[in-house]
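Below is the file start39.pdb, which contains PDB, C-alpha atoms.
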ATOM      1  CA  PHE I   1      43.967 -40.878 -24.643
ATOM      2  CA  PRO I   2      43.192 -39.944 -21.000
ATOM      3  CA  PRO I   3      39.745 -40.855 -19.762
ATOM      4  CA  PRO I   4      37.179 -38.071 -19.888
ATOM      5  CA  PRO I   5      36.768 -36.083 -16.678
ATOM      6  CA  PRO I   6      33.930 -37.131 -14.406
ATOM      7  CA  PRO I   7      30.723 -35.123 -14.710
ATOM      8  CA  ALA I   8      30.485 -32.058 -12.544
ATOM      9  CA  PRO I   9      28.600 -32.644  -9.313
ATOM     10  CA  PRO I  10      25.192 -30.989  -8.978
ATOM     11  CA  PRO I  11      25.206 -27.602  -7.283
ATOM     12  CA  PRO I  12      24.850 -27.850  -3.516
ATOM     13  CA  ALA I  13      21.409 -27.362  -2.091
ATOM     14  CA  ILE I  14      20.815 -23.957  -0.623
ATOM     15  CA  THR I  15      20.169 -24.591   3.053
ATOM     16  CA  SER I  16      21.021 -21.276   4.740
ATOM     17  CA  ARG I  17      18.589 -20.579   7.588
ATOM     18  CA  HIS I  18      19.325 -16.868   7.871
ATOM     19  CA  LEU I  19      19.961 -14.185   5.254
ATOM     20  CA  TYR I  20      20.845 -10.776   6.711
ATOM     21  CA  LEU I  21      21.483  -8.176   4.012
ATOM     22  CA  ASN I  22      20.009  -5.100   5.686
ATOM     23  CA  ASN I  23      21.634  -1.727   5.003
ATOM     24  CA  ASN I  24      24.218  -2.927   2.476
ATOM     25  CA  LYS I  25      23.643  -0.363  -0.306
ATOM     26  CA  LEU I  26      22.419  -3.143  -2.596
ATOM     27  CA  GLU I  27      20.822  -2.117  -5.887
ATOM     28  CA  GLY I  28      18.945  -3.732  -8.752
ATOM     29  CA  THR I  29      15.985  -6.073  -8.527
ATOM     30  CA  ILE I  30      15.207  -8.950  -6.191
ATOM     31  CA  SER I  31      15.773 -12.202  -8.063
ATOM     32  CA  SER I  32      13.078 -14.846  -8.361
ATOM     33  CA  LEU I  33      15.792 -17.268  -7.164
ATOM     34  CA  LEU I  34      15.115 -15.945  -3.678
ATOM     35  CA  ASP I  35      12.419 -18.605  -3.536
ATOM     36  CA  ASP I  36      15.176 -21.253  -3.601
ATOM     37  CA  LEU I  37      15.840 -20.294   0.015
ATOM     38  CA  HIS I  38      12.566 -21.962   0.956
ATOM     39  CA  LEU I  39      14.184 -23.634   3.987
ATOM     40  CA  ALA I  40      15.388 -20.343   5.440
ATOM     41  CA  GLU I  41      13.704 -18.921   8.515
ATOM     42  CA  GLN I  42      14.798 -15.282   8.331
ATOM     43  CA  ILE I  43      15.183 -13.119   5.198
ATOM     44  CA  TYR I  44      16.180  -9.485   5.823
ATOM     45  CA  LEU I  45      16.679  -7.277   2.742
ATOM     46  CA  GLY I  46      15.691  -3.914   4.221
ATOM     47  CA  GLN I  47      17.341  -0.494   3.948
ATOM     48  CA  ASN I  48      18.821  -1.041   0.513
ATOM     49  CA  SER I  49      18.027   0.405  -2.925
ATOM     50  CA  PHE I  50      16.188  -2.483  -4.551
ATOM     51  CA  THR I  51      13.765  -1.462  -7.282
ATOM     52  CA  GLY I  52      11.263  -3.217  -9.527
ATOM     53  CA  THR I  53       8.568  -5.582  -8.351
ATOM     54  CA  LEU I  54       8.624  -8.279  -5.701
ATOM     55  CA  PRO I  55       9.002 -11.715  -7.362
ATOM     56  CA  SER I  56       5.575 -13.287  -7.757
ATOM     57  CA  ASN I  57       6.859 -16.837  -7.299
ATOM     58  CA  ILE I  58       7.677 -16.580  -3.579
ATOM     59  CA  GLY I  59       6.285 -19.649  -1.906
ATOM     60  CA  THR I  60       4.250 -20.696  -4.940
ATOM     61  CA  ASN I  61       6.343 -23.711  -5.955
ATOM     62  CA  ARG I  62       6.587 -25.410  -2.577
ATOM     63  CA  PRO I  63       5.895 -24.759   1.105
ATOM     64  CA  ASN I  64       8.075 -22.051   2.536
ATOM     65  CA  GLU I  65       9.649 -21.992   5.996
ATOM     66  CA  TRP I  66      10.214 -18.234   6.240
ATOM     67  CA  ARG I  67       9.284 -16.859   9.650
ATOM     68  CA  PHE I  68      10.678 -13.333   9.264
ATOM     69  CA  PHE I  69      10.609 -11.616   5.870
ATOM     70  CA  SER I  70      11.593  -7.946   5.667
ATOM     71  CA  ILE I  71      12.060  -5.787   2.569
ATOM     72  CA  TYR I  72      11.342  -2.452   4.217
ATOM     73  CA  ASP I  73      12.821   0.865   3.081
ATOM     74  CA  ASN I  74      13.652   0.067  -0.535
ATOM     75  CA  GLY I  75      12.215   1.383  -3.800
ATOM     76  CA  LEU I  76      10.052  -1.608  -4.671
ATOM     77  CA  THR I  77       6.871  -1.008  -6.610
ATOM     78  CA  GLY I  78       3.876  -2.839  -8.053
ATOM     79  CA  PRO I  79       1.245  -4.758  -6.085
ATOM     80  CA  ILE I  80       2.102  -6.966  -3.127
ATOM     81  CA  PRO I  81       1.611 -10.460  -4.585
ATOM     82  CA  GLU I  82      -1.106 -12.803  -3.414
ATOM     83  CA  GLY I  83      -0.495 -16.518  -2.974
ATOM     84  CA  MET I  84       2.909 -16.326  -1.318
ATOM     85  CA  LYS I  85       2.096 -19.290   0.943
ATOM     86  CA  LEU I  86       4.292 -18.080   3.791
ATOM     87  CA  LYS I  87       2.362 -20.326   6.154
ATOM     88  CA  ASN I  88       4.983 -20.150   8.936
ATOM     89  CA  ALA I  89       5.442 -16.387   8.837
ATOM     90  CA  TYR I  90       5.670 -14.603  12.173
ATOM     91  CA  MET I  91       6.562 -11.165  10.768
ATOM     92  CA  LEU I  92       6.086  -9.710   7.272
ATOM     93  CA  ASP I  93       7.482  -6.243   6.600
ATOM     94  CA  PHE I  94       6.656  -4.555   3.278
ATOM     95  CA  SER I  95       6.864  -1.024   4.684
ATOM     96  CA  ARG I  96       8.467   2.115   3.246
ATOM     97  CA  ASN I  97       8.414   1.164  -0.418
ATOM     98  CA  GLU I  98       6.287   2.261  -3.350
ATOM     99  CA  PHE I  99       3.829  -0.631  -3.421
ATOM    100  CA  TYR I 100       0.390   0.143  -4.818
ATOM    101  CA  GLY I 101      -2.847  -1.752  -5.270
ATOM    102  CA  THR I 102      -4.836  -3.421  -2.538
ATOM    103  CA  ILE I 103      -3.906  -5.401   0.555
ATOM    104  CA  PRO I 104      -3.773  -9.075  -0.527
ATOM    105  CA  ASN I 105      -7.055 -10.785   0.326
ATOM    106  CA  ASP I 106      -5.359 -14.088   1.072
ATOM    107  CA  ILE I 107      -3.712 -12.752   4.226
ATOM    108  CA  GLN I 108      -6.140 -14.533   6.488
ATOM    109  CA  GLN I 109      -6.204 -17.099   9.256
ATOM    110  CA  GLU I 110      -6.192 -20.256   7.119
ATOM    111  CA  ASN I 111      -3.097 -19.121   5.178
ATOM    112  CA  TYR I 112      -1.145 -17.219   7.849
ATOM    113  CA  SER I 113      -2.150 -18.818  11.120
ATOM    114  CA  THR I 114       1.121 -17.904  12.893
ATOM    115  CA  LEU I 115       1.382 -14.294  11.733
ATOM    116  CA  ARG I 116       1.945 -11.780  14.557
ATOM    117  CA  LEU I 117       3.270  -8.616  12.891
ATOM    118  CA  LEU I 118       2.209  -7.162   9.537
ATOM    119  CA  TYR I 119       3.894  -3.982   8.271
ATOM    120  CA  MET I 120       2.579  -2.323   5.111
ATOM    121  CA  ASP I 121       2.946   1.300   6.163
ATOM    122  CA  HIS I 122       4.372   4.113   4.039
ATOM    123  CA  ASN I 123       3.307   2.842   0.623
ATOM    124  CA  THR I 124       0.480   3.934  -1.691
ATOM    125  CA  LEU I 125      -1.944   1.080  -1.041
ATOM    126  CA  THR I 126      -5.600   1.696  -1.905
ATOM    127  CA  GLY I 127      -8.916  -0.033  -1.304
ATOM    128  CA  THR I 128     -10.184  -1.125   2.087
ATOM    129  CA  ILE I 129      -8.777  -3.069   5.030
ATOM    130  CA  PRO I 130      -9.875  -6.707   4.587
ATOM    131  CA  TRP I 131     -12.285  -7.885   7.258
ATOM    132  CA  SER I 132     -10.519 -11.251   7.291
ATOM    133  CA  LEU I 133      -7.535  -9.632   9.042
ATOM    134  CA  MET I 134      -9.604  -9.307  12.179
ATOM    135  CA  GLN I 135     -10.080 -13.073  12.287
ATOM    136  CA  MET I 136      -6.362 -13.819  12.644
ATOM    137  CA  HIS I 137      -6.020 -15.316  16.106
ATOM    138  CA  LYS I 138      -2.400 -14.468  16.939
ATOM    139  CA  MET I 139      -1.922 -11.050  15.352
ATOM    140  CA  LYS I 140      -0.250  -8.523  17.640
ATOM    141  CA  GLY I 141       0.528  -5.567  15.402
ATOM    142  CA  ILE I 142      -1.147  -4.156  12.276
ATOM    143  CA  PHE I 143       0.763  -1.272  10.670
ATOM    144  CA  PHE I 144      -1.089   0.216   7.673
ATOM    145  CA  ASN I 145      -0.448   3.913   8.321
ATOM    146  CA  ASP I 146       0.558   6.371   5.590
ATOM    147  CA  ASN I 147      -1.244   4.826   2.630
ATOM    148  CA  ARG I 148      -4.432   5.693   0.731
ATOM    149  CA  LEU I 149      -6.799   3.213   2.318
ATOM    150  CA  GLU I 150     -10.510   4.030   2.523
ATOM    151  CA  GLY I 151     -13.547   2.931   4.484
ATOM    152  CA  MET I 152     -13.192   1.792   8.082
ATOM    153  CA  ILE I 153     -11.218  -0.308  10.537
ATOM    154  CA  PRO I 154     -13.019  -3.673  10.539
ATOM    155  CA  TRP I 155     -14.587  -4.381  13.902
ATOM    156  CA  ASN I 156     -15.529  -8.087  13.535
ATOM    157  CA  ILE I 157     -12.684  -9.041  15.840
ATOM    158  CA  ASP I 158     -12.120 -12.691  16.711
ATOM    159  CA  ASP I 159     -12.266 -13.434  20.448
ATOM    160  CA  ASP I 160      -8.701 -14.772  20.466
ATOM    161  CA  LEU I 161      -7.481 -11.687  18.627
ATOM    162  CA  LYS I 162      -9.079  -9.433  21.226
ATOM    163  CA  HIS I 163      -6.680 -10.902  23.771
ATOM    164  CA  SER I 164      -3.538 -10.708  21.621
ATOM    165  CA  LEU I 165      -3.769  -7.474  19.614
ATOM    166  CA  LEU I 166      -1.400  -4.792  20.929
ATOM    167  CA  THR I 167      -1.131  -2.184  18.169
ATOM    168  CA  ILE I 168      -3.212  -0.843  15.285
ATOM    169  CA  ARG I 169      -1.769   2.000  13.219
ATOM    170  CA  VAL I 170      -3.878   3.295  10.355
ATOM    171  CA  GLN I 171      -3.331   7.051  10.566
ATOM    172  CA  ASN I 172      -2.669   9.182   7.491
ATOM    173  CA  ASN I 173      -5.015   7.273   5.216
ATOM    174  CA  ARG I 174      -8.440   8.185   3.815
ATOM    175  CA  LEU I 175     -10.582   6.337   6.321
ATOM    176  CA  THR I 176     -13.920   8.066   6.945
ATOM    177  CA  HIS I 177     -15.930   5.846   9.300
ATOM    178  CA  PRO I 178     -15.505   6.469  13.039
ATOM    179  CA  VAL I 179     -13.665   3.866  15.081
ATOM    180  CA  SER I 180     -16.116   1.242  16.330
ATOM    181  CA  PRO I 181     -16.857   1.004  20.078
ATOM    182  CA  VAL I 182     -15.806  -2.656  19.770
ATOM    183  CA  ILE I 183     -12.243  -1.498  19.066
ATOM    184  CA  CYS I 184     -12.292   1.238  21.697
ATOM    185  CA  ALA I 185     -13.309  -1.368  24.295
ATOM    186  CA  LEU I 186     -10.040  -3.254  23.734
ATOM    187  CA  ASP I 187      -8.115  -0.549  25.645
ATOM    188  CA  VAL I 188      -5.587  -2.264  27.894
ATOM    189  CA  ASN I 189      -6.383   0.227  30.642
ATOM    190  CA  MET I 190      -9.894  -1.173  30.926
ATOM    191  CA  GLY I 191      -8.433  -4.415  32.229
ATOM    192  CA  ASP I 192      -9.812  -7.110  29.924
ATOM    193  CA  TYR I 193      -7.784  -6.814  26.718
ATOM    194  CA  GLU I 194      -4.327  -5.851  25.499
ATOM    195  CA  LEU I 195      -4.615  -3.042  22.927
ATOM    196  CA  VAL I 196      -1.999  -0.427  23.836
ATOM    197  CA  GLU I 197      -1.857   1.765  20.733
ATOM    198  CA  LEU I 198      -4.522   2.883  18.289
ATOM    199  CA  GLY I 199      -3.101   5.256  15.693
ATOM    200  CA  VAL I 200      -5.902   6.975  13.766
ATOM    201  CA  ASP I 201      -6.716  10.391  12.342
ATOM    202  CA  CYS I 202      -8.602  12.689  14.705
ATOM    203  CA  SER I 203     -11.479  12.873  12.229
ATOM    204  CA  ILE I 204     -12.456   9.250  12.958
ATOM    205  CA  CYS I 205     -11.657   9.139  16.691
ATOM    206  CA  PRO I 206     -14.890   9.194  18.746
ATOM    207  CA  SER I 207     -14.855  11.524  21.731
ATOM    208  CA  GLY I 208     -15.311   8.659  24.193
ATOM    209  CA  CYS I 209     -12.534   6.459  22.826
ATOM    210  CA  SER I 210      -9.677   6.740  25.303
ATOM    211  CA  LEU I 211      -7.273   4.863  23.028
ATOM    212  CA  CYS I 212      -7.139   7.709  20.536
ATOM    213  CA  THR I 213      -8.596  10.794  22.262
ATOM    214  CA  GLY I 214      -5.734  13.228  22.739
ATOM    215  CA  ARG I 215      -3.334  10.980  20.814
ATOM    216  CA  CYS I 216      -4.840  11.075  17.339
ATOM    217  CA  TYR I 217      -3.291  12.529  14.176
ATOM    218  CA  ASP I 218      -4.398  15.747  12.483
TER     219      ASP I 218
END

I need this file expressed as structure tokens, please.
Amino acid sequence: FPPPPPPAPPPPAITSRHLYLNNNKLEGTISSLLDDLHLAEQIYLGQNSFTGTLPSNIGTNRPNEWRFFSIYDNGLTGPIPEGMKLKNAYMLDFSRNEFYGTIPNDIQQENYSTLRLLYMDHNTLTGTIPWSLMQMHKMKGIFFNDNRLEGMIPWNIDDDLKHSLLTIRVQNNRLTHPVSPVICALDVNMGDYELVELGVDCSICPSGCSLCTGRCYD
């Protein structure tokens, strides 16, 4: 008899650093196996027709190297999971889906110390904007517009953040408290800070706030 065949080799490790699948007419759900790409740096799944919820295991089994993670403009629903441990993330884009629930409370400096851009616009998120977001030293853009958020824009802004923040968009929500003078004073035209754009509803834009006066949303 011939000798038995050798055992099959183990599957190769998934080591791709970049996954670009934007605008490919993909359908179905996003597999929990996406977390196996933990060594990747860029994951782009936007402008498809994915449905269902975002896998809750992303980054929970081991540290994750993702720097850019985009799932914008799909049909994803459910809450945005907490505990994703994307500690190296530079940009997270959850925009233009059907996510509901609150903004994850663990998006804060100790967990996302490198985060610059956070997109959660055009969903149905509720609750308030976490105050911890204004303690993130390197954040440059916060995009929470077109949701159902309530309360105010937190004004306890870290000194480092005052010098890095370029854009805040929170228009078309249910915010009721006027924009704090602390935020208005970050206007780049005043010479000390970098805030270029403040997107808010006219109902919460104070008359003396040059960042939003004349450029607010009705």

* Which of these residues is nearest to Asn173 in chain I, using all atoms listed in the file: I:Ser132, I:Asn156, I:Thr126, I:Asn88? ->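 The answer is I:Thr126, which sits nearest to Asn173 in chain I.
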
* Closest of I:Leu165, I:Leu86, I:Met136, I:Ile153 to Cys205 in chain I - atom-to-atom distances counting only C-alpha atoms ->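 Using only C-alpha atoms, the shortest distance to Cys205 in chain I belongs to I:Ile153.
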
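Distances here use all atoms listed in the file; by that measure, the residue among I:Ile183, I:Ile80, I:Leu92, I:Leu133 closest to Glu110 in chain I is I:Leu133.
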
* Asked: Could you write out as a PyMOL selection string the residues that the PyMOL selection byres ((chain I and resi 52) around 12) matches in the shown file?
  -> chain I and resi 27-32+49-51+53-56+74-80+97-99

* Point out the residue among I:Asn105, I:Thr167, I:Asn64, I:Asn23 with the least atom-to-atom distance to Leu37 in chain I, counting only C-alpha atoms. =>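 Among the listed residues, I:Asn64 lies closest to Leu37 in chain I.
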
* Given the file shown, determine the residues that the PyMOL selection byres ((chain I and resi 208) around 12) selects; report them as a PyMOL selection string. => chain I and resi 178-181+183-185+187+204-207+209-214

* To do: Could you tell me which residues the PyMOL selection byres ((chain I and resi 143-147) around 9) grabs in this file, written as a PyMOL selection string?
  => chain I and resi 95+100+117-126+129+141-142+148-149+167-174+199-200

* To do: Excluding Ser164 in chain I and residues on its chain fewer than 6 positions from it, collect all residues at most 10 Å away from it, counting only C-alpha atoms, and give them as a list of chain:residue names.
  =>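 Counting only the stated atoms, we get I:Arg116, I:Met136, I:His137, I:Lys138, I:Met139, I:Lys140, I:Gly141, I:Tyr193, I:Glu194, I:Leu195.
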
* Structure fact -> As a check of understanding: the span from CA of Pro154 in chain I to CA of Leu175 in chain I is 11.1 Å

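Between CA of Gly191 in chain I and CA of Leu166 in chain I the interatomic distance comes to 13.3 Å.
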
* To do: Identify which of the residues I:Thr114, I:Glu82, I:Ala89, I:Leu198 lies closest to Gly101 in chain I, counting only C-alpha atoms when measuring atom-to-atom distances.
  =>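 For Gly101 in chain I, the nearest of the candidates is I:Glu82.
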
* Might you pull out every residue within 12 Å of Gly83 in chain I, with all atoms listed in the file counted and same-chain residues fewer than 3 positions away left off, and present them as JSON, numbers by chain? => {"I": [55, 56, 57, 58, 59, 60, 61, 62, 63, 64, 80, 86, 87, 104, 105, 106, 107, 108, 111, 112]}

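Our summary of the geometry notes that CA of Glu41 in chain I is positioned 24.8 Å from CA of Gln135 in chain I.
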
* **Residue with smallest distance to Glu150 in chain I - pool I:Leu21, I:Leu34, I:Ile71, I:Ile103, counting all atoms listed in the file** => I:Ile103
